[in-house]
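First the structure, in the form of structure tokens, and then the observations on it.
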Amino acid sequence: MRNHTWLRAAAGLTAAALVLTACSQKENEGSGDTGGDAAPSAGWPETPDVEIQEGKPGGTFRFGITEPTAIDPYNAQESEGLLVTKYIFTGLIQADPDGEILPGVADKWESNDDCSEWTFDLKTGTKFHNGEEVTSESFKRGWERVSAKTSASEVAYHLTGIEGFDEMQAGTANALSGVDASDPAKLVVTLTDPNCEWYLRTFHPVFSPVPSTAGAPSTNTAYVEAPIGNGPFMMDGAWQHDVGIKLKRFEDYSIGHKAYLDNVEITITANGSQDEYAGYQNGTFDWARMPTPVLEQARATYESKDQWITRETNGMNYLLVMVTEAPLDDVKARKAISMAIDRDAIINGVFKGSQTPASSFVPPVFEDAFQEGVCEACTFNLDEAKKLAEEAGLTKGTELNFQFNVDAGHEEWTAAVKDQLETNLGLKVNLSGVQFPDLLNNEQQPGASGIYRAAWGADYPTPSNFLQPLLSTEAIGAPAGEPTTGDNRGRYSNEKFDTLLKEALASQDEAERTKKFQEAEKIAIGDDQALIPLWNRTQHRLANTEKFINLRMDFSENPDLYEISIK
């Protein structure tokens, strides 16, 4: 999942100047190893897990987001829209904040011997918000609505591998031949290739069921603006663009307990976390993300009041690298760039120690698969960076394009990276900020070069979600000379990496899968430096514990609206 990281940076270069000072000292001293003056960043400690208590009905919970791309499952894609979609729809499976899989509409699921077919047994009698029963046909209908070429879904790729999906995307079929809904209480899915963890994909809202009234997105705009789902909350009126979204409890929800909150009021803010923080301070909001420059102040004010949450989450902040275009089409050049970035100095200077440097691409929260240090070039090493840059022809004055999305808190740290690369390697870094949709569009274009600000949060709880969609050849989604359609926008391709992923997914042995995922990561990140990890994803929130209990982040870093209750 591509994340909008709504952390607006304050104006000024104080933090960046601190980073520059550290870098200049290192260069003058000739230091070339672990970070010199900037002590390794350990990050802020996580707050204790919340013990969920039985709640009571009532209350309205208020918070802010920025304008979503979509709240309809056919195209919900970034953190803002997915937040809404995940609470108005319930899929086949669910996940708790730690990624433990729980039943959703499906009571149980199993595969055949080679994992090429999956069968889901469904709870009977569950309802959509309009009273229509949820059946296997509801899921088939929803998936075909996503897969149709005319829907132009930007998240349809999650359904890749289902028989008939490619034909629907090409417009040569109007049904998924691999989805059998003949039994209302049983959904059978046939895949083109074995995948022993395919069921995990169905956690993504793109796999949601839809009622018979949904229609095609292009013709039923009323549904797109006010989707009828089967989740614990339902729309309370249509989405008011640039104003807000209101939800209310679905009284007939029967998958687990009903939600406790009567209402959820989501305000669409103009200035992201800056407005959220102000709203929390003045009592308008009960939950808030915060601009980076105020994190220390907010923590000092609210941690003692038990209104502060810090959590290591299932995500990664990194630089997307265009590996097929000069000047980064040489692995030595990519490693030189990575080694010339002093992550600790940036974390300590800009983020005030609130993040931890990355040494892998699969993040530490995936404990079994995590490989600390697999990205050897993630360690600041100025001497080696200069040596590799010279060998790659990355000479002084070489131009490097670097683009980020504005109004999201990336101004200071991207400026710091630019200054480090210019100071340490003598490059001419062309740093530019654009709106988030433009950033994504620019990444996709043939001939795109240089590096781009990027972040990824797990769509479903498996390390393969960091490897397959971002690094596999099939995830490029287009031939050379055409815009990419998948999330491998750097166009990295390695046959051995692809083979290891395929072998891993076909294995029923979880330990064997994990081993092959690790081998694949070693190739892509350790050997080829296909992406440049920066820091692990640590999130900080404010939560109104004076009025509410069960306040915690869900798997997707959002407030767990299902469990929150008034005191």
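Following the order of the structure tokens, first chain is A, next is B, and so on, with residues numbered from 1 inside each chain and ligands from 1 in the order they appear.
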
Practice problem: Please identify all polymer residues within 12 Å of A:Leu328, counting only C-alpha atoms, omitting same-chain residues fewer than 2 positions from it, and present them as an MDAnalysis selection string. | Solution: chainID A and resid 320:326 330:338 388:389 392:394 398:402 448:451 490 492 528:532

Where does stretch 38-140 of chain A meet stretch 493-513 of chain A within 9 Å, residue by residue, with the nearest atom pair and distance in Å to one decimal for each, counting only C-alpha atoms, listed by chain and rising number, as a tab-separated table?
residue	atom	partner	partner_atom	distance
A:Asp113	CA	A:Gln508	CA	8.8
A:Asp114	CA	A:Ala506	CA	7.2
A:Cys115	CA	A:Ala506	CA	6.9
A:Ser116	CA	A:Ala506	CA	8.6

Selection file, N, CA and C atoms, as a PDB file, in the first residue's frame:
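Okay, this is what ended up in result.pdb:
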ATOM      1  N   ASP A 113      -4.016 -29.801  -2.460  1.00  0.00           N
ATOM      2  CA  ASP A 113      -2.673 -30.280  -2.143  1.00  0.00           C
ATOM      3  C   ASP A 113      -1.559 -29.380  -2.673  1.00  0.00           C
ATOM      4  N   ASP A 114      -1.745 -28.758  -3.841  1.00  0.00           N
ATOM      5  CA  ASP A 114      -0.662 -27.942  -4.398  1.00  0.00           C
ATOM      6  C   ASP A 114      -0.938 -26.438  -4.309  1.00  0.00           C
ATOM      7  N   CYS A 115      -1.948 -26.075  -3.532  1.00  0.00           N
ATOM      8  CA  CYS A 115      -2.270 -24.651  -3.284  1.00  0.00           C
ATOM      9  C   CYS A 115      -2.712 -23.911  -4.544  1.00  0.00           C
ATOM     10  N   SER A 116      -3.239 -24.633  -5.501  1.00  0.00           N
ATOM     11  CA  SER A 116      -3.740 -23.983  -6.718  1.00  0.00           C
ATOM     12  C   SER A 116      -5.244 -23.705  -6.632  1.00  0.00           C
TER      13      SER A 116
END

Quiz item: Skipping near chain neighbours, those fewer than 4 positions away, what residues fall within 7 Å of stretch 52-66 of chain A using only C-alpha atoms, listed as a ChimeraX atom specification?
Solution: /A:80,260-270,272,276,285-288,550,565-566

Give me, as a short mmCIF file (atom, residue, chain, number, x, y, z; two decimals) with all heavy atoms, in the first residue's frame, the residues of stretch 452-483 of chain A that a backbone DSSP run labels alpha helix (DSSP H).
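Ended up saving to states18.cif:
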data_model
loop_
_atom_site.label_atom_id
_atom_site.label_comp_id
_atom_site.auth_asym_id
_atom_site.auth_seq_id
_atom_site.Cartn_x
_atom_site.Cartn_y
_atom_site.Cartn_z
N SER A 464 6.11 -11.35 1.78
CA SER A 464 6.04 -11.35 0.31
C SER A 464 5.37 -10.08 -0.21
O SER A 464 5.58 -9.69 -1.36
CB SER A 464 5.28 -12.58 -0.20
OG SER A 464 3.90 -12.52 0.12
N ASN A 465 4.58 -9.41 0.64
CA ASN A 465 3.92 -8.17 0.20
C ASN A 465 4.92 -7.03 0.04
O ASN A 465 4.58 -6.00 -0.54
CB ASN A 465 2.82 -7.79 1.19
CG ASN A 465 1.95 -6.65 0.70
OD1 ASN A 465 1.74 -5.67 1.40
ND2 ASN A 465 1.43 -6.77 -0.51
N PHE A 466 6.14 -7.19 0.54
CA PHE A 466 7.18 -6.20 0.30
C PHE A 466 8.05 -6.57 -0.89
O PHE A 466 8.81 -5.74 -1.38
CB PHE A 466 8.06 -6.05 1.55
CG PHE A 466 7.38 -5.33 2.66
CD1 PHE A 466 6.52 -6.01 3.51
CD2 PHE A 466 7.56 -3.98 2.85
CE1 PHE A 466 5.86 -5.34 4.53
CE2 PHE A 466 6.90 -3.31 3.86
CZ PHE A 466 6.05 -4.00 4.71
N LEU A 467 7.95 -7.80 -1.35
CA LEU A 467 8.83 -8.29 -2.41
C LEU A 467 8.11 -8.39 -3.75
O LEU A 467 8.54 -7.80 -4.74
CB LEU A 467 9.40 -9.65 -2.01
CG LEU A 467 10.17 -9.68 -0.68
CD1 LEU A 467 10.57 -11.10 -0.32
CD2 LEU A 467 11.39 -8.78 -0.74
N GLN A 468 7.01 -9.12 -3.77
CA GLN A 468 6.33 -9.37 -5.06
C GLN A 468 5.81 -8.10 -5.73
O GLN A 468 6.10 -7.83 -6.90
CB GLN A 468 5.20 -10.39 -4.85
CG GLN A 468 4.59 -10.91 -6.15
CD GLN A 468 3.55 -9.98 -6.74
OE1 GLN A 468 2.88 -9.26 -5.99
NE2 GLN A 468 3.42 -9.98 -8.06
N PRO A 469 5.03 -7.25 -5.05
CA PRO A 469 4.45 -6.10 -5.76
C PRO A 469 5.45 -5.01 -6.11
O PRO A 469 5.21 -4.22 -7.01
CB PRO A 469 3.39 -5.57 -4.78
CG PRO A 469 3.81 -6.05 -3.45
CD PRO A 469 4.53 -7.34 -3.66
N LEU A 470 6.59 -4.96 -5.41
CA LEU A 470 7.53 -3.86 -5.61
C LEU A 470 8.77 -4.26 -6.40
O LEU A 470 9.47 -3.38 -6.92
CB LEU A 470 7.96 -3.30 -4.26
CG LEU A 470 6.85 -2.66 -3.43
CD1 LEU A 470 7.35 -2.32 -2.03
CD2 LEU A 470 6.30 -1.42 -4.10
N LEU A 471 9.04 -5.57 -6.52
CA LEU A 471 10.33 -5.98 -7.10
C LEU A 471 10.23 -7.09 -8.14
O LEU A 471 11.22 -7.36 -8.82
CB LEU A 471 11.27 -6.43 -5.97
CG LEU A 471 11.71 -5.31 -5.01
CD1 LEU A 471 12.29 -5.90 -3.72
CD2 LEU A 471 12.72 -4.40 -5.68
#

Quiz prompt | Distance criterion (only C-alpha atoms): nearest to A:Gln297 out of A:Asn314, A:Gly91, A:Thr484, A:Lys352 | solution =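 Using only C-alpha atoms, A:Gln297 sits closest to A:Lys352.
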
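Distances from A:Ser136, A:Thr313, A:Thr69, A:Thr485 to A:His241 were compared using only C-alpha atoms, and the smallest one belongs to A:Thr69.
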
Exercise. Would you mind telling me which residue in A:Gln539, A:Thr310, A:Gln444, A:Thr379 lies nearest to A:Asp49 when using only C-alpha atoms?
Key: A:Thr310

Self-check item: Test item, strand (DSSP E) assignment across stretch 321-565 of chain A, answer as a PyMOL selection string
Solution: chain A and resi 321+356-357+399-405+428-434+451-457+531-543+548-549+565

Show me a table, sorted first by chain and then by increasing residue number, of the residues of stretch 78-141 of chain A having an atom at most 8 Å from stretch 181-191 of chain A, each with its shortest atom pair and the distance in Å to one decimal, counting only C-alpha atoms and written as a Markdown table.
| residue | atom | partner | partner_atom | distance |
| --- | --- | --- | --- | --- |
| A:Ser116 | CA | A:Leu191 | CA | 5.1 |
| A:Glu117 | CA | A:Thr190 | CA | 4.4 |
| A:Trp118 | CA | A:Val189 | CA | 5.1 |
| A:Thr119 | CA | A:Val188 | CA | 4.5 |
| A:Phe120 | CA | A:Leu187 | CA | 5.1 |
| A:Asp121 | CA | A:Lys186 | CA | 4.8 |
| A:Leu122 | CA | A:Ala185 | CA | 5.0 |
| A:Lys123 | CA | A:Ala185 | CA | 6.9 |
| A:Thr124 | CA | A:Ala185 | CA | 6.5 |
| A:Thr135 | CA | A:Pro184 | CA | 5.0 |
| A:Ser136 | CA | A:Pro184 | CA | 4.9 |
| A:Glu137 | CA | A:Ala181 | CA | 5.2 |
| A:Lys140 | CA | A:Ala181 | CA | 6.7 |

Resulting file, chosen residues, N, CA and C atoms, as a compact mmCIF listing (two decimals), in the first residue's frame:
# COMPACT_ATOMS: atom_id res chain seq x y z
N SER A 116 -3.24 -24.63 -5.50
CA SER A 116 -3.74 -23.98 -6.72
C SER A 116 -5.24 -23.70 -6.63
N GLU A 117 -5.89 -24.19 -5.58
CA GLU A 117 -7.32 -23.95 -5.39
C GLU A 117 -7.60 -23.69 -3.92
N TRP A 118 -8.38 -22.66 -3.64
CA TRP A 118 -8.74 -22.29 -2.27
C TRP A 118 -10.25 -22.32 -2.10
N THR A 119 -10.68 -22.90 -0.97
CA THR A 119 -12.11 -22.99 -0.66
C THR A 119 -12.39 -22.27 0.65
N PHE A 120 -13.36 -21.37 0.62
CA PHE A 120 -13.77 -20.59 1.80
C PHE A 120 -15.19 -20.96 2.18
N ASP A 121 -15.37 -21.42 3.41
CA ASP A 121 -16.71 -21.68 3.94
C ASP A 121 -17.22 -20.41 4.61
N LEU A 122 -18.39 -19.95 4.20
CA LEU A 122 -18.89 -18.66 4.63
C LEU A 122 -19.93 -18.78 5.73
N LYS A 123 -19.94 -17.81 6.64
CA LYS A 123 -21.03 -17.70 7.60
C LYS A 123 -22.32 -17.40 6.84
N THR A 124 -23.39 -17.97 7.27
CA THR A 124 -24.67 -17.71 6.62
C THR A 124 -25.46 -16.70 7.45
N THR A 135 -23.56 -13.53 0.29
CA THR A 135 -23.32 -14.91 -0.16
C THR A 135 -22.03 -14.96 -0.97
N SER A 136 -21.68 -16.15 -1.42
CA SER A 136 -20.50 -16.29 -2.26
C SER A 136 -20.62 -15.46 -3.54
N GLU A 137 -21.83 -15.33 -4.05
CA GLU A 137 -22.05 -14.53 -5.25
C GLU A 137 -21.71 -13.06 -5.01
N LYS A 140 -17.99 -12.84 -5.59
CA LYS A 140 -17.70 -12.97 -7.03
C LYS A 140 -18.07 -11.68 -7.75

Self-check item: Closest of A:Phe555, A:Pro97, A:Glu391, A:Glu443 to A:Val50 - atom-to-atom distances counting only C-alpha atoms
Solution: A:Pro97

Self-check item: Contacts of A:Thr160 within 9 Å, only C-alpha atoms, excl. fewer than 4 positions in-chain, as an MDAnalysis selection string
Solution: chainID A and resid 156 165:166 191:192

Just-selected residues, all heavy atoms written as a PDB file, in the first residue's frame:
ATOM      1  N   ALA A 156      -6.537  -3.323  -8.900  1.00  0.00           N
ATOM      2  CA  ALA A 156      -6.991  -4.621  -9.403  1.00  0.00           C
ATOM      3  C   ALA A 156      -5.875  -5.656  -9.403  1.00  0.00           C
ATOM      4  O   ALA A 156      -6.145  -6.864  -9.349  1.00  0.00           O
ATOM      5  CB  ALA A 156      -7.555  -4.467 -10.811  1.00  0.00           C
ATOM      6  N   PHE A 165      -8.697 -13.569 -14.650  1.00  0.00           N
ATOM      7  CA  PHE A 165      -8.423 -12.160 -14.356  1.00  0.00           C
ATOM      8  C   PHE A 165      -7.768 -11.463 -15.544  1.00  0.00           C
ATOM      9  O   PHE A 165      -8.169 -10.352 -15.921  1.00  0.00           O
ATOM     10  CB  PHE A 165      -7.533 -12.029 -13.122  1.00  0.00           C
ATOM     11  CG  PHE A 165      -7.081 -10.618 -12.860  1.00  0.00           C
ATOM     12  CD1 PHE A 165      -7.942  -9.697 -12.284  1.00  0.00           C
ATOM     13  CD2 PHE A 165      -5.791 -10.206 -13.188  1.00  0.00           C
ATOM     14  CE1 PHE A 165      -7.536  -8.388 -12.045  1.00  0.00           C
ATOM     15  CE2 PHE A 165      -5.376  -8.899 -12.955  1.00  0.00           C
ATOM     16  CZ  PHE A 165      -6.245  -7.996 -12.379  1.00  0.00           C
ATOM     17  N   ASP A 166      -6.766 -12.085 -16.134  1.00  0.00           N
ATOM     18  CA  ASP A 166      -6.073 -11.460 -17.262  1.00  0.00           C
ATOM     19  C   ASP A 166      -7.037 -11.190 -18.407  1.00  0.00           C
ATOM     20  O   ASP A 166      -6.958 -10.146 -19.068  1.00  0.00           O
ATOM     21  CB  ASP A 166      -4.924 -12.344 -17.746  1.00  0.00           C
ATOM     22  CG  ASP A 166      -3.780 -12.410 -16.744  1.00  0.00           C
ATOM     23  OD1 ASP A 166      -3.733 -11.539 -15.849  1.00  0.00           O
ATOM     24  OD2 ASP A 166      -2.952 -13.336 -16.843  1.00  0.00           O
ATOM     25  N   LEU A 191      -6.476 -20.790  -9.024  1.00  0.00           N
ATOM     26  CA  LEU A 191      -5.375 -19.904  -9.381  1.00  0.00           C
ATOM     27  C   LEU A 191      -4.619 -20.419 -10.598  1.00  0.00           C
ATOM     28  O   LEU A 191      -4.621 -21.625 -10.888  1.00  0.00           O
ATOM     29  CB  LEU A 191      -4.401 -19.770  -8.204  1.00  0.00           C
ATOM     30  CG  LEU A 191      -5.012 -19.364  -6.855  1.00  0.00           C
ATOM     31  CD1 LEU A 191      -3.922 -19.346  -5.780  1.00  0.00           C
ATOM     32  CD2 LEU A 191      -5.701 -18.009  -6.948  1.00  0.00           C
ATOM     33  N   THR A 192      -3.963 -19.513 -11.290  1.00  0.00           N
ATOM     34  CA  THR A 192      -3.146 -19.913 -12.436  1.00  0.00           C
ATOM     35  C   THR A 192      -1.834 -20.548 -12.000  1.00  0.00           C
ATOM     36  O   THR A 192      -1.264 -21.371 -12.721  1.00  0.00           O
ATOM     37  CB  THR A 192      -2.842 -18.689 -13.321  1.00  0.00           C
ATOM     38  OG1 THR A 192      -2.238 -17.667 -12.516  1.00  0.00           O
ATOM     39  CG2 THR A 192      -4.120 -18.135 -13.940  1.00  0.00           C
TER      40      THR A 192
END

Quiz prompt | Closest of A:Gln445, A:Asn381, A:Thr473, A:Gln307 to A:Tyr280 - atom-to-atom distances counting only C-alpha atoms | solution =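 Closest to A:Tyr280, using only C-alpha atoms: A:Gln307.
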
Exercise. Write out as JSON, numbers by chain which residues come within 10 Å of A:Leu83 when counting only C-alpha atoms, dropping same-chain ones fewer than 5 positions away.
Key: {"A": [65, 68, 71, 76, 77, 78, 88, 205, 554, 556, 557, 558, 559, 560, 561]}

Quiz item: Near A:Leu295, within 10 Å and counting only C-alpha atoms, which residues show up once chain neighbours fewer than 3 positions away are dropped, as a ChimeraX atom specification?
Solution: /A:289-292,298-301,351-352,354,540-541
